[in-house]
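One file, upload34.pdb, carrying PDB, C-alpha atoms:
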MODEL        1
ATOM      1  CA  MET A   1     114.423 143.933  44.187  1.00  0.00           C
ATOM      2  CA  SER A   2     111.739 144.017  46.805  1.00  0.00           C
ATOM      3  CA  GLY A   3     109.324 141.649  45.029  1.00  0.00           C
ATOM      4  CA  ARG A   4     106.532 144.213  44.771  1.00  0.00           C
ATOM      5  CA  GLY A   5     106.347 144.305  41.002  1.00  0.00           C
ATOM      6  CA  LYS A   6     106.997 147.315  38.859  1.00  0.00           C
ATOM      7  CA  GLN A   7     107.233 150.586  40.737  1.00  0.00           C
ATOM      8  CA  GLY A   8     106.351 152.865  37.827  1.00  0.00           C
ATOM      9  CA  GLY A   9     103.211 150.994  36.733  1.00  0.00           C
ATOM     10  CA  GLN A  10      99.607 152.082  37.131  1.00  0.00           C
ATOM     11  CA  ALA A  11      97.662 151.240  40.258  1.00  0.00           C
ATOM     12  CA  ARG A  12      94.983 148.556  39.989  1.00  0.00           C
ATOM     13  CA  ALA A  13      91.437 149.730  39.666  1.00  0.00           C
ATOM     14  CA  LYS A  14      89.276 149.312  42.733  1.00  0.00           C
ATOM     15  CA  ALA A  15      87.406 145.985  42.662  1.00  0.00           C
ATOM     16  CA  LYS A  16      83.667 146.192  41.971  1.00  0.00           C
ATOM     17  CA  SER A  17      81.204 143.445  42.744  1.00  0.00           C
ATOM     18  CA  ARG A  18      78.898 142.011  40.108  1.00  0.00           C
ATOM     19  CA  PRO A  19      75.724 143.522  41.594  1.00  0.00           C
ATOM     20  CA  SER A  20      77.285 146.974  41.727  1.00  0.00           C
ATOM     21  CA  ARG A  21      78.453 146.608  38.111  1.00  0.00           C
ATOM     22  CA  ALA A  22      74.931 145.597  37.135  1.00  0.00           C
ATOM     23  CA  GLY A  23      73.473 148.603  39.006  1.00  0.00           C
ATOM     24  CA  LEU A  24      71.034 146.521  41.029  1.00  0.00           C
ATOM     25  CA  GLN A  25      68.669 147.819  43.682  1.00  0.00           C
ATOM     26  CA  PHE A  26      67.059 144.429  44.281  1.00  0.00           C
ATOM     27  CA  PRO A  27      68.998 142.326  46.832  1.00  0.00           C
ATOM     28  CA  ARG A  28      71.162 139.680  45.193  1.00  0.00           C
ATOM     29  CA  GLY A  29      71.413 137.663  48.421  1.00  0.00           C
ATOM     30  CA  ARG A  30      67.654 137.253  48.598  1.00  0.00           C
ATOM     31  CA  ALA A  31      67.580 136.036  44.998  1.00  0.00           C
ATOM     32  CA  HIS A  32      70.383 133.584  45.806  1.00  0.00           C
ATOM     33  CA  ARG A  33      68.437 132.247  48.779  1.00  0.00           C
ATOM     34  CA  LEU A  34      65.372 131.869  46.553  1.00  0.00           C
ATOM     35  CA  LEU A  35      67.386 129.792  44.089  1.00  0.00           C
ATOM     36  CA  LEU A  36      68.833 127.588  46.849  1.00  0.00           C
ATOM     37  CA  ARG A  37      65.513 126.996  48.567  1.00  0.00           C
ATOM     38  CA  GLU A  38      64.622 123.371  49.182  1.00  0.00           C
ATOM     39  CA  GLY A  39      62.647 121.828  46.340  1.00  0.00           C
ATOM     40  CA  SER A  40      64.463 123.956  43.786  1.00  0.00           C
ATOM     41  CA  SER A  41      65.944 122.396  40.671  1.00  0.00           C
ATOM     42  CA  ALA A  42      69.630 122.653  41.625  1.00  0.00           C
ATOM     43  CA  GLU A  43      71.801 122.030  44.649  1.00  0.00           C
ATOM     44  CA  ARG A  44      74.521 124.426  43.489  1.00  0.00           C
ATOM     45  CA  VAL A  45      74.064 127.859  41.953  1.00  0.00           C
ATOM     46  CA  GLY A  46      76.723 129.920  40.169  1.00  0.00           C
ATOM     47  CA  ALA A  47      77.690 133.423  41.232  1.00  0.00           C
ATOM     48  CA  GLY A  48      76.090 135.115  38.222  1.00  0.00           C
ATOM     49  CA  ALA A  49      72.672 133.431  38.466  1.00  0.00           C
ATOM     50  CA  PRO A  50      71.306 135.428  41.423  1.00  0.00           C
ATOM     51  CA  VAL A  51      72.616 138.654  39.879  1.00  0.00           C
ATOM     52  CA  HIS A  52      70.739 137.891  36.661  1.00  0.00           C
ATOM     53  CA  LEU A  53      67.572 136.909  38.555  1.00  0.00           C
ATOM     54  CA  ALA A  54      67.718 140.101  40.632  1.00  0.00           C
ATOM     55  CA  ALA A  55      68.133 142.177  37.467  1.00  0.00           C
ATOM     56  CA  VAL A  56      65.120 140.514  35.849  1.00  0.00           C
ATOM     57  CA  LEU A  57      62.996 140.933  38.979  1.00  0.00           C
ATOM     58  CA  GLN A  58      64.006 144.590  39.132  1.00  0.00           C
ATOM     59  CA  GLU A  59      63.473 145.393  35.445  1.00  0.00           C
ATOM     60  CA  TYR A  60      60.256 143.544  34.559  1.00  0.00           C
ATOM     61  CA  PRO A  61      57.843 145.049  37.126  1.00  0.00           C
ATOM     62  CA  ALA A  62      59.184 148.571  36.545  1.00  0.00           C
ATOM     63  CA  ALA A  63      58.829 148.356  32.766  1.00  0.00           C
ATOM     64  CA  GLU A  64      55.418 146.678  32.930  1.00  0.00           C
ATOM     65  CA  THR A  65      54.046 149.157  35.496  1.00  0.00           C
ATOM     66  CA  LEU A  66      55.264 152.183  33.554  1.00  0.00           C
ATOM     67  CA  GLU A  67      53.843 150.823  30.320  1.00  0.00           C
ATOM     68  CA  LEU A  68      50.389 150.230  31.833  1.00  0.00           C
ATOM     69  CA  ALA A  69      50.402 153.604  33.605  1.00  0.00           C
ATOM     70  CA  GLY A  70      51.453 155.361  30.390  1.00  0.00           C
ATOM     71  CA  HIS A  71      48.579 153.776  28.487  1.00  0.00           C
ATOM     72  CA  ALA A  72      46.133 154.745  31.247  1.00  0.00           C
ATOM     73  CA  ALA A  73      47.413 158.346  31.261  1.00  0.00           C
ATOM     74  CA  ARG A  74      47.125 158.580  27.480  1.00  0.00           C
ATOM     75  CA  ASP A  75      43.575 157.151  27.564  1.00  0.00           C
ATOM     76  CA  ASN A  76      42.583 159.793  30.137  1.00  0.00           C
ATOM     77  CA  LYS A  77      44.305 162.557  28.101  1.00  0.00           C
ATOM     78  CA  LYS A  78      46.859 163.242  30.835  1.00  0.00           C
ATOM     79  CA  THR A  79      50.563 163.892  30.407  1.00  0.00           C
ATOM     80  CA  ARG A  80      51.761 162.767  33.848  1.00  0.00           C
ATOM     81  CA  VAL A  81      51.812 159.311  35.329  1.00  0.00           C
ATOM     82  CA  LEU A  82      50.438 159.434  38.871  1.00  0.00           C
ATOM     83  CA  PRO A  83      50.202 156.593  41.406  1.00  0.00           C
ATOM     84  CA  ARG A  84      46.409 156.795  41.172  1.00  0.00           C
ATOM     85  CA  ARG A  85      46.566 155.767  37.524  1.00  0.00           C
ATOM     86  CA  LEU A  86      48.551 152.605  38.207  1.00  0.00           C
ATOM     87  CA  HIS A  87      45.944 150.018  37.323  1.00  0.00           C
ATOM     88  CA  ARG A  88      46.285 146.370  38.110  1.00  0.00           C
ATOM     89  CA  ASP A  89      44.761 145.150  34.859  1.00  0.00           C
ATOM     90  CA  ASP A  90      47.677 142.869  34.031  1.00  0.00           C
ATOM     91  CA  GLU A  91      47.194 139.371  35.474  1.00  0.00           C
ATOM     92  CA  GLU A  92      50.892 138.614  36.028  1.00  0.00           C
ATOM     93  CA  LEU A  93      51.607 141.991  37.587  1.00  0.00           C
ATOM     94  CA  ASN A  94      48.541 141.708  39.803  1.00  0.00           C
ATOM     95  CA  ARG A  95      49.748 138.311  41.028  1.00  0.00           C
ATOM     96  CA  LEU A  96      53.209 139.723  41.744  1.00  0.00           C
ATOM     97  CA  LEU A  97      51.936 142.882  43.489  1.00  0.00           C
ATOM     98  CA  GLY A  98      48.768 141.379  44.971  1.00  0.00           C
ATOM     99  CA  LYS A  99      49.346 142.466  48.568  1.00  0.00           C
ATOM    100  CA  VAL A 100      51.165 145.736  47.863  1.00  0.00           C
ATOM    101  CA  THR A 101      49.660 149.072  48.899  1.00  0.00           C
ATOM    102  CA  THR A 102      50.550 151.968  46.590  1.00  0.00           C
ATOM    103  CA  ALA A 103      51.160 155.301  48.305  1.00  0.00           C
ATOM    104  CA  GLN A 104      48.694 157.967  47.068  1.00  0.00           C
ATOM    105  CA  GLY A 105      46.990 155.226  45.077  1.00  0.00           C
ATOM    106  CA  GLY A 106      43.433 155.768  46.283  1.00  0.00           C
ATOM    107  CA  VAL A 107      40.765 153.100  45.932  1.00  0.00           C
ATOM    108  CA  LEU A 108      38.966 151.669  42.945  1.00  0.00           C
ATOM    109  CA  PRO A 109      35.617 153.387  42.399  1.00  0.00           C
ATOM    110  CA  HIS A 110      32.818 151.005  43.335  1.00  0.00           C
ATOM    111  CA  ILE A 111      29.356 151.637  44.768  1.00  0.00           C
ATOM    112  CA  GLN A 112      27.619 148.692  46.359  1.00  0.00           C
ATOM    113  CA  ALA A 113      24.020 148.200  45.318  1.00  0.00           C
ATOM    114  CA  VAL A 114      22.735 147.483  48.861  1.00  0.00           C
ATOM    115  CA  PRO A 115      22.544 151.057  50.252  1.00  0.00           C
ATOM    116  CA  LEU A 116      21.001 152.505  47.081  1.00  0.00           C
ATOM    117  CA  PRO A 117      17.221 153.030  47.046  1.00  0.00           C
ATOM    118  CA  LYS A 118      15.153 150.459  45.184  1.00  0.00           C
ATOM    119  CA  ARG A 119      14.125 151.398  41.652  1.00  0.00           C
ATOM    120  CA  THR A 120      10.489 150.887  40.786  1.00  0.00           C
ATOM    121  CA  GLY A 121       9.090 149.974  37.366  1.00  0.00           C
ATOM    122  CA  SER A 122       8.188 153.600  36.468  1.00  0.00           C
ATOM    123  CA  GLN A 123      11.738 154.807  37.293  1.00  0.00           C
ATOM    124  CA  LYS A 124      13.246 152.070  35.113  1.00  0.00           C
ATOM    125  CA  ALA A 125      11.122 153.166  32.167  1.00  0.00           C
ATOM    126  CA  LYS A 126      12.191 156.820  32.602  1.00  0.00           C
ATOM    127  CA  GLY A 127      15.854 155.898  32.852  1.00  0.00           C
ATOM    128  CA  LYS A 128      15.888 153.906  29.610  1.00  0.00           C
ATOM    129  CA  GLY A 129      15.156 156.844  27.322  1.00  0.00           C
ATOM    130  CA  PRO A 130      13.726 156.730  23.759  1.00  0.00           C
TER     131      PRO A 130
ENDMDL
END
Represent the structure from my file as structure tokens, please.
Amino acid sequence: MSGRGKQGGQARAKAKSRPSRAGLQFPRGRAHRLLLREGSSAERVGAGAPVHLAAVLQEYPAAETLELAGHAARDNKKTRVLPRRLHRDDEELNRLLGKVTTAQGGVLPHIQAVPLPKRTGSQKAKGKGP
């Protein structure tokens, strides 16, 4: 007896961390640091809390962005969702992604009134129509 256990048994499965089991792309360590930041509600944080927070922070913006872009594509009678159609109409999403630049996003169409020529009274009457 060598003390190594059963020789004919199966080998143990390779250990997987909680973030890898959850399939996270968002960094769990950053979420943990956010939870431990001074002024937070708790001094101690469990091991599963940052994993859950990272999963929520990863899932919510993706689902919300795709939903808004899908609605915008359907309104414009398009079948593809392009970065240009990602509108920031949602208040919460706009607050979260306020300083983010979207690649191939373009700019919002807006013409300032200052460089346009002044409209006179006769032009206003013509533009109104019957």
inquiry  = I'd like the residues picked by the PyMOL selection byres ((chain A and resi 69) around 7) written out as a ChimeraX atom specification, using the chain letters and numbers from the file.
reply    = /A:65-68,70-73,81,85-87
Requested write-out: C-alpha atoms of the selected residues, as an mmCIF file, in the coordinates of the input:
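Dumped to part.cif:
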data_model
loop_
_atom_site.group_PDB
_atom_site.id
_atom_site.type_symbol
_atom_site.label_atom_id
_atom_site.label_comp_id
_atom_site.auth_asym_id
_atom_site.auth_seq_id
_atom_site.Cartn_x
_atom_site.Cartn_y
_atom_site.Cartn_z
ATOM 1 C CA THR A 65 54.046 149.157 35.496
ATOM 2 C CA LEU A 66 55.264 152.183 33.554
ATOM 3 C CA GLU A 67 53.843 150.823 30.320
ATOM 4 C CA LEU A 68 50.389 150.230 31.833
ATOM 5 C CA GLY A 70 51.453 155.361 30.390
ATOM 6 C CA HIS A 71 48.579 153.776 28.487
ATOM 7 C CA ALA A 72 46.133 154.745 31.247
ATOM 8 C CA ALA A 73 47.413 158.346 31.261
ATOM 9 C CA VAL A 81 51.812 159.311 35.329
ATOM 10 C CA ARG A 85 46.566 155.767 37.524
ATOM 11 C CA LEU A 86 48.551 152.605 38.207
ATOM 12 C CA HIS A 87 45.944 150.018 37.323
#
inquiry  = Give me, as a list in words, all polymer residues having an atom no more than 8 Å from Gly48 of chain A, counting all atoms listed in the file and skipping those fewer than 3 positions away in the same chain.
reply    =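 So, after excluding close chain neighbours, the residues are Arg18, Val51 and His52 of chain A.
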ask   = What's the 8 Å shell around Ala54 of chain A, counting all atoms listed in the file, without same-chain residues fewer than 3 positions away, as a VMD selection string?
value = chain A and resid 24 26 to 28 31 50 to 51 57 to 58
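Taking atom CA of Tyr60 of chain A and atom CA of Leu97 of chain A as the two end points, the separation is 12.2 Å.
In this comparison, which uses only C-alpha atoms, the residue of A:Gly106, A:Arg74, A:Glu64, A:Glu43 approaching Glu91 of chain A most closely is A:Glu64.
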As JSON, please report the centre and edge lengths, rounded to one decimal in Å, of the axis-aligned box that holds all listed atoms of segment 20-33 of chain A with 8 Å of padding on each of the six sides.
{"center_x": 72.8, "center_y": 140.4, "center_z": 43.0, "size_x": 27.4, "size_y": 32.4, "size_z": 27.6}
key: atom CA of Ala22 of chain A to atom CA of Ala55 of chain A, distance in Å rounded to a single decimal   = 7.6 Å
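When the PyMOL selection byres ((chain A and resi 103) around 12) is evaluated against the file, it yields A:Leu82, A:Pro83, A:Arg84, A:Arg85, A:Leu86, A:Val100, A:Thr101, A:Thr102, A:Gln104, A:Gly105, A:Gly106, A:Val107.
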inquiry  = If I take atom CA of Glu38 of chain A and atom CA of Arg21 of chain A, how far is one from the other in Å, to one decimal?
reply    =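 Answer for the atom CA of Glu38 of chain A to atom CA of Arg21 of chain A separation: 29.2 Å.
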